[in-house]
>>> print(open('model-v9.cif').read())   # mmCIF, C-alpha atoms and all ligand atoms
data_model
#
loop_
_atom_site.label_atom_id
_atom_site.label_comp_id
_atom_site.auth_asym_id
_atom_site.auth_seq_id
_atom_site.Cartn_x
_atom_site.Cartn_y
_atom_site.Cartn_z
CA MET A 1 0.00 0.00 0.00
CA LEU A 2 1.15 3.53 -0.77
CA ILE A 3 1.53 5.92 2.17
CA ASP A 4 0.92 9.65 1.95
CA ALA A 5 1.75 10.82 5.46
CA HIS A 6 1.03 14.54 5.05
CA VAL A 7 -1.95 15.81 3.05
CA HIS A 8 -4.37 18.75 3.35
CA LEU A 9 -7.43 16.85 2.21
CA ASP A 10 -9.83 19.60 3.30
CA LYS A 11 -8.36 21.93 0.66
CA TYR A 12 -9.63 20.03 -2.40
CA GLY A 13 -12.90 21.88 -2.80
CA GLY A 14 -14.77 20.56 -5.83
CA LEU A 15 -12.11 17.93 -6.50
CA LEU A 16 -12.58 16.13 -3.19
CA ASP A 17 -14.71 13.31 -4.64
CA GLN A 18 -12.11 12.65 -7.29
CA ALA A 19 -9.32 12.73 -4.70
CA LEU A 20 -11.12 10.24 -2.45
CA GLN A 21 -11.76 8.00 -5.42
CA GLN A 22 -8.05 7.94 -6.26
CA ILE A 23 -7.20 7.22 -2.64
CA GLU A 24 -9.54 4.23 -2.69
CA THR A 25 -8.71 2.82 -6.12
CA GLN A 26 -4.95 3.27 -5.73
CA ARG A 27 -5.00 2.21 -2.05
CA ILE A 28 -3.17 5.23 -0.63
CA PHE A 29 -3.19 5.42 3.16
CA THR A 30 -3.54 9.14 3.85
CA VAL A 31 -2.64 11.07 6.98
CA ALA A 32 -4.89 14.12 6.68
CA THR A 33 -3.28 16.92 8.67
CA ALA A 34 -5.26 19.90 9.92
CA MET A 35 -4.26 23.57 9.83
CA ASP A 36 -6.69 24.74 12.53
CA VAL A 37 -10.01 23.87 14.17
CA PRO A 38 -12.36 24.28 11.14
CA SER A 39 -9.89 22.32 9.03
CA TYR A 40 -9.89 19.45 11.57
CA LEU A 41 -13.69 19.36 11.77
CA GLU A 42 -13.85 19.13 7.99
CA LEU A 43 -11.24 16.35 7.94
CA GLN A 44 -13.25 14.35 10.45
CA ARG A 45 -16.24 14.54 8.10
CA ILE A 46 -14.12 13.56 5.10
CA ALA A 47 -12.61 10.61 6.98
CA GLU A 48 -16.07 9.11 7.43
CA ARG A 49 -15.98 8.43 3.71
CA SER A 50 -12.80 6.33 3.63
CA ASN A 51 -11.03 4.08 6.10
CA LEU A 52 -7.78 4.98 4.33
CA VAL A 53 -8.00 8.54 5.64
CA LEU A 54 -6.66 9.34 9.11
CA PRO A 55 -7.65 12.85 10.26
CA THR A 56 -5.25 14.48 12.72
CA PHE A 57 -5.59 17.70 14.68
CA GLY A 58 -2.99 20.42 14.74
CA ILE A 59 -2.60 24.17 14.58
CA HIS A 60 -0.21 25.19 11.81
CA PRO A 61 2.43 27.75 12.86
CA ARG A 62 0.77 30.23 10.49
CA ARG A 63 -2.40 29.99 12.59
CA ALA A 64 -0.75 29.96 16.01
CA ALA A 65 -1.36 33.63 16.83
CA GLU A 66 -5.13 33.19 16.40
CA TYR A 67 -5.22 30.27 18.83
CA VAL A 68 -2.70 31.18 21.50
CA ASP A 69 -5.43 32.28 23.93
CA ARG A 70 -7.61 29.25 23.22
CA LEU A 71 -5.54 26.46 24.77
CA SER A 72 -8.36 24.74 26.64
CA GLU A 73 -10.44 24.59 23.46
CA ILE A 74 -7.42 23.16 21.65
CA GLY A 75 -6.99 20.64 24.44
CA ARG A 76 -10.49 19.29 23.89
CA TYR A 77 -9.84 18.72 20.19
CA ILE A 78 -6.48 17.10 20.84
CA GLU A 79 -8.23 14.53 23.01
CA THR A 80 -10.44 13.51 20.08
CA SER A 81 -7.55 13.16 17.64
CA PRO A 82 -5.63 9.88 17.20
CA ALA A 83 -2.41 11.73 16.31
CA ILE A 84 -1.11 15.29 16.19
CA GLY A 85 -0.42 17.47 13.16
CA GLU A 86 0.27 19.70 11.50
CA ILE A 87 2.18 21.53 14.20
CA GLY A 88 5.58 23.16 14.28
CA LEU A 89 7.53 26.34 13.85
CA ASP A 90 8.03 28.57 10.85
CA PHE A 91 10.52 31.38 11.21
CA HIS A 92 11.21 31.48 7.47
CA TRP A 93 7.98 31.91 5.51
CA VAL A 94 6.18 33.53 8.41
CA LYS A 95 7.83 36.93 8.44
CA ASP A 96 5.88 38.49 11.31
CA SER A 97 8.19 37.78 14.24
CA ALA A 98 5.52 39.04 16.62
CA THR A 99 3.84 35.63 16.09
CA TYR A 100 6.92 33.62 17.12
CA PRO A 101 6.16 33.51 20.84
CA ALA A 102 2.64 32.26 19.99
CA GLN A 103 4.10 29.62 17.67
CA ARG A 104 6.34 28.38 20.48
CA LYS A 105 3.56 28.32 23.04
CA ILE A 106 1.15 26.42 20.79
CA LEU A 107 3.80 23.95 19.70
CA GLU A 108 4.88 23.15 23.24
CA TYR A 109 1.26 22.70 24.30
CA PHE A 110 0.74 20.10 21.56
CA ILE A 111 4.04 18.35 22.25
CA ALA A 112 3.23 18.05 25.94
CA ALA A 113 -0.19 16.61 25.05
CA ALA A 114 1.35 14.17 22.56
CA ARG A 115 3.69 12.95 25.28
CA GLU A 116 0.86 12.60 27.79
CA GLN A 117 -1.53 10.90 25.36
CA LYS A 118 1.04 8.77 23.51
CA LYS A 119 0.29 10.16 20.06
CA PHE A 120 2.65 10.57 17.14
CA VAL A 121 3.34 14.08 15.83
CA ASN A 122 3.60 15.47 12.29
CA LEU A 123 5.93 18.49 12.25
CA HIS A 124 6.60 21.53 10.11
CA THR A 125 10.11 22.70 11.02
CA LYS A 126 11.02 25.59 8.71
CA ALA A 127 13.96 27.46 10.29
CA GLY A 128 12.97 26.01 13.67
CA GLU A 129 14.70 22.65 13.18
CA LYS A 130 17.08 22.76 16.13
CA GLU A 131 14.49 24.17 18.49
CA ILE A 132 12.07 21.41 17.53
CA LEU A 133 14.65 18.69 18.06
CA ASP A 134 15.39 20.13 21.52
CA LEU A 135 11.68 20.01 22.35
CA LEU A 136 11.32 16.41 21.14
CA GLU A 137 14.24 15.47 23.38
CA HIS A 138 12.95 17.46 26.32
CA TYR A 139 9.53 15.77 26.16
CA ASP A 140 10.96 12.42 25.14
CA ILE A 141 8.74 12.21 22.06
CA GLN A 142 9.69 8.93 20.42
CA ARG A 143 7.45 9.05 17.38
CA ALA A 144 7.83 12.16 15.25
CA ILE A 145 7.36 12.62 11.53
CA ILE A 146 9.37 15.51 10.15
CA HIS A 147 7.45 16.79 7.16
CA TRP A 148 9.28 18.16 4.08
CA TYR A 149 12.62 18.64 5.83
CA SER A 150 14.78 21.22 4.06
CA GLY A 151 16.95 22.49 6.90
CA PRO A 152 20.63 22.18 7.77
CA MET A 153 22.40 18.85 7.26
CA ASP A 154 23.84 18.73 10.79
CA ILE A 155 20.37 18.96 12.33
CA LEU A 156 19.10 16.38 9.83
CA ARG A 157 21.76 14.00 11.09
CA ALA A 158 20.94 14.76 14.71
CA MET A 159 17.24 14.12 14.04
CA ILE A 160 18.13 10.83 12.35
CA ASP A 161 20.22 9.85 15.38
CA TYR A 162 17.25 10.71 17.57
CA GLY A 163 15.00 8.46 15.46
CA CYS A 164 12.67 10.89 13.68
CA TYR A 165 10.85 9.72 10.58
CA PHE A 166 11.04 11.88 7.45
CA THR A 167 8.39 12.33 4.79
CA ILE A 168 10.04 12.97 1.44
CA GLY A 169 7.67 14.71 -0.95
CA VAL A 170 7.23 16.23 -4.36
CA GLU A 171 10.12 18.68 -4.06
CA LEU A 172 12.33 15.64 -4.62
CA LEU A 173 11.40 16.00 -8.29
CA TYR A 174 12.83 19.53 -8.48
CA SER A 175 15.58 20.07 -5.92
CA ASP A 176 19.12 18.73 -5.61
CA TYR A 177 19.18 19.67 -1.94
CA ILE A 178 16.10 17.55 -1.25
CA LYS A 179 17.72 14.71 -3.23
CA GLU A 180 20.70 14.91 -0.87
CA ILE A 181 18.38 14.71 2.11
CA ALA A 182 16.48 11.81 0.56
CA LYS A 183 19.74 9.91 0.13
CA ILE A 184 20.80 10.43 3.74
CA VAL A 185 17.56 9.37 5.47
CA PRO A 186 18.13 5.73 6.45
CA ASP A 187 15.80 3.01 5.21
CA HIS A 188 14.03 2.48 8.53
CA LEU A 189 13.04 6.17 8.88
CA LEU A 190 11.83 6.82 5.34
CA LEU A 191 8.23 7.88 4.69
CA THR A 192 6.50 9.61 1.78
CA GLU A 193 4.12 12.54 1.40
CA THR A 194 2.64 14.87 -1.18
CA ASP A 195 1.53 17.84 0.98
CA ASN A 196 -1.36 17.93 -1.51
CA PRO A 197 -3.16 19.72 -2.96
CA GLY A 198 -1.01 22.87 -2.80
CA ALA A 199 2.62 21.71 -2.91
CA LEU A 200 2.97 21.27 -6.68
CA ARG A 201 1.30 24.59 -7.34
CA TRP A 202 3.70 26.24 -4.90
CA LEU A 203 6.76 24.56 -6.36
CA LYS A 204 5.87 25.07 -10.01
CA LYS A 205 4.29 28.52 -9.58
CA ASN A 206 1.30 27.45 -11.65
CA ASP A 207 -2.26 26.42 -10.84
CA GLU A 208 -1.71 22.67 -10.72
CA ILE A 209 -3.75 20.85 -8.10
CA GLY A 210 -1.84 17.94 -6.65
CA MET A 211 -3.94 14.79 -6.85
CA PRO A 212 -3.31 11.75 -4.61
CA THR A 213 -1.58 9.75 -7.36
CA ALA A 214 1.26 12.31 -7.21
CA ILE A 215 2.60 10.04 -4.46
CA LYS A 216 3.61 7.59 -7.19
CA ALA A 217 6.00 10.11 -8.70
CA VAL A 218 7.63 10.50 -5.29
CA VAL A 219 8.00 6.72 -4.93
CA ASP A 220 9.48 6.47 -8.44
CA ALA A 221 11.97 9.27 -7.76
CA LEU A 222 13.01 7.64 -4.48
CA ALA A 223 13.48 4.33 -6.26
CA ASP A 224 15.73 5.99 -8.86
CA LEU A 225 17.71 7.85 -6.24
CA ARG A 226 18.22 4.89 -3.92
CA LYS A 227 18.73 2.44 -6.81
CA VAL A 228 16.02 0.00 -5.80
CA SER A 229 12.71 -0.90 -7.39
CA ARG A 230 9.53 1.10 -6.96
CA GLY A 231 7.99 -1.95 -5.25
CA GLU A 232 10.82 -2.02 -2.72
CA ILE A 233 10.28 1.64 -1.80
CA GLU A 234 6.55 1.07 -1.50
CA SER A 235 7.01 -1.95 0.80
CA LEU A 236 9.68 -0.22 2.85
CA VAL A 237 7.57 2.88 3.45
CA GLU A 238 4.51 0.79 4.25
CA ALA A 239 6.51 -1.27 6.75
CA ASN A 240 7.90 1.90 8.32
CA PHE A 241 4.47 3.43 8.74
CA ALA A 242 3.18 0.15 10.14
CA SER A 243 5.99 0.10 12.66
CA LEU A 244 5.35 3.73 13.59
CA ILE A 245 1.83 2.76 14.68
CA THR A 246 2.43 -0.82 15.83
CA ASN A 247 1.90 -0.22 19.54
CA ASP A 248 -0.11 2.96 19.16
CA PRO A 249 -3.03 2.83 21.62
CA TRP A 250 -5.14 5.02 19.27
CA LEU A 251 -4.33 3.29 16.02
CA ARG A 252 -4.30 -0.42 16.80
CA HIS A 253 -7.45 -0.89 14.74
CA VAL A 254 -5.80 0.80 11.74
CA HIS A 255 -2.71 -1.29 12.19
CA GLY A 256 -4.70 -4.47 12.58
CA SER A 257 -6.97 -3.93 9.60
CA LEU A 258 -4.56 -2.44 7.10
CA PHE A 259 -1.00 -3.37 7.96
CA THR A 260 -1.16 -6.91 9.27
CA SER A 261 1.08 -8.17 6.50
CA ALA A 262 3.67 -5.42 6.81
CA SER A 263 6.65 -5.12 9.21
ZN ZN B 301 1.35 20.81 5.31
#
>>> encode(input="model-v9.cif", output="structure tokens")
Amino acid sequence: MLIDAHVHLDKYGGLLDQALQQIETQRIFTVATAMDVPSYLELQRIAERSNLVLPTFGIHPRRAAEYVDRLSEIGRYIETSPAIGEIGLDFHWVKDSATYPAQRKILEYFIAAAREQKKFVNLHTKAGEKEILDLLEHYDIQRAIIHWYSGPMDILRAMIDYGCYFTIGVELLYSDYIKEIAKIVPDHLLLTETDNPGALRWLKKNDEIGMPTAIKAVVDALADLRKVSRGEIESLVEANFASLITNDPWLRHVHGSLFTSAS
């Protein structure tokens, strides 16, 4: 089974039916990450339509300032979510440094909850890589997915040593730096993502909507880069995701029904 471990499924608008159809026919297990509360509520509704869609609650660093005074409300949603994401820090694309304290406060609140509730986290780390690694260590978070890593190589290596998983996505098709990263991530920590539907549009500066089957291009590019077959990458990533959730108290049913043959 293909794994797309970071997708914004609530952003498809009129193409949602088509996206869900692709997810079902191509068998793409999809971690549907939220940006904020309305996004999470929408993802919960969407997930009722496919058992291949896992909706997860997070507040994106771009939204942190709007939620920093709403921690108890956030806490209630976290309790309903089987995993955490998208959360993180962005000190690069988010230029308004007045939001940085709010980003830090929201992130730490989620990390503490993830620790308490034994949930995996899906992280956006742009220019906050070292700070995020320090937090993971401080809270002893053992299961973290680093989404679309593009930061310094020394922190990449430190995150690998710590045991973070990495989702390699569509930028692999366009960037030599991402290719370097994708070569360094060891087999047992490799995952895949598309960051659909907006990532391709953002990378190519056009109006392309990323559809779920874009994950196949990522798998093909990883196979080329790592000099193995497409099938080997697909099995490896599936086994890695299965092992990420093997003993997960919230996701045993997913593991049992979908990944019994893997890992
Ligand atoms: Zn994202």
>>> closest_residue(input="model-v9.cif", among="A:His124, A:Arg76, A:Lys118, A:Arg45", to="ligand ZN 301 (chain B)", atoms="only C-alpha atoms and all ligand atoms")
A:His124
>>> residues_near_ligand(input="model-v9.cif", ligand="ligand ZN 301 (chain B)", cutoff="9 Å", atoms="only C-alpha atoms and all ligand atoms", output="list in words")
His6, Val7, His8, Thr33, Ala34, Met35, His60, Gly85, Glu86, Ile87, Leu123, His124, His147, Trp148, Thr194, Asp195, Asn196, Gly198 and Ala199 of chain A
>>> residues_near_point(input="model-v9.cif", point="(14.8, 0.0, -0.3)", cutoff="7 Å", atoms="only C-alpha atoms", output="VMD selection string")
chain A and resid 187 226 228 232 to 233 236
>>> atom_distance(input="model-v9.cif", atom1="CA of Gly13 (chain A)", atom2="CA of Gln103 (chain A)")
27.7 Å
>>> atom_distance(input="model-v9.cif", atom1="CA of Ala102 (chain A)", atom2="CA of Tyr67 (chain A)")
8.2 Å
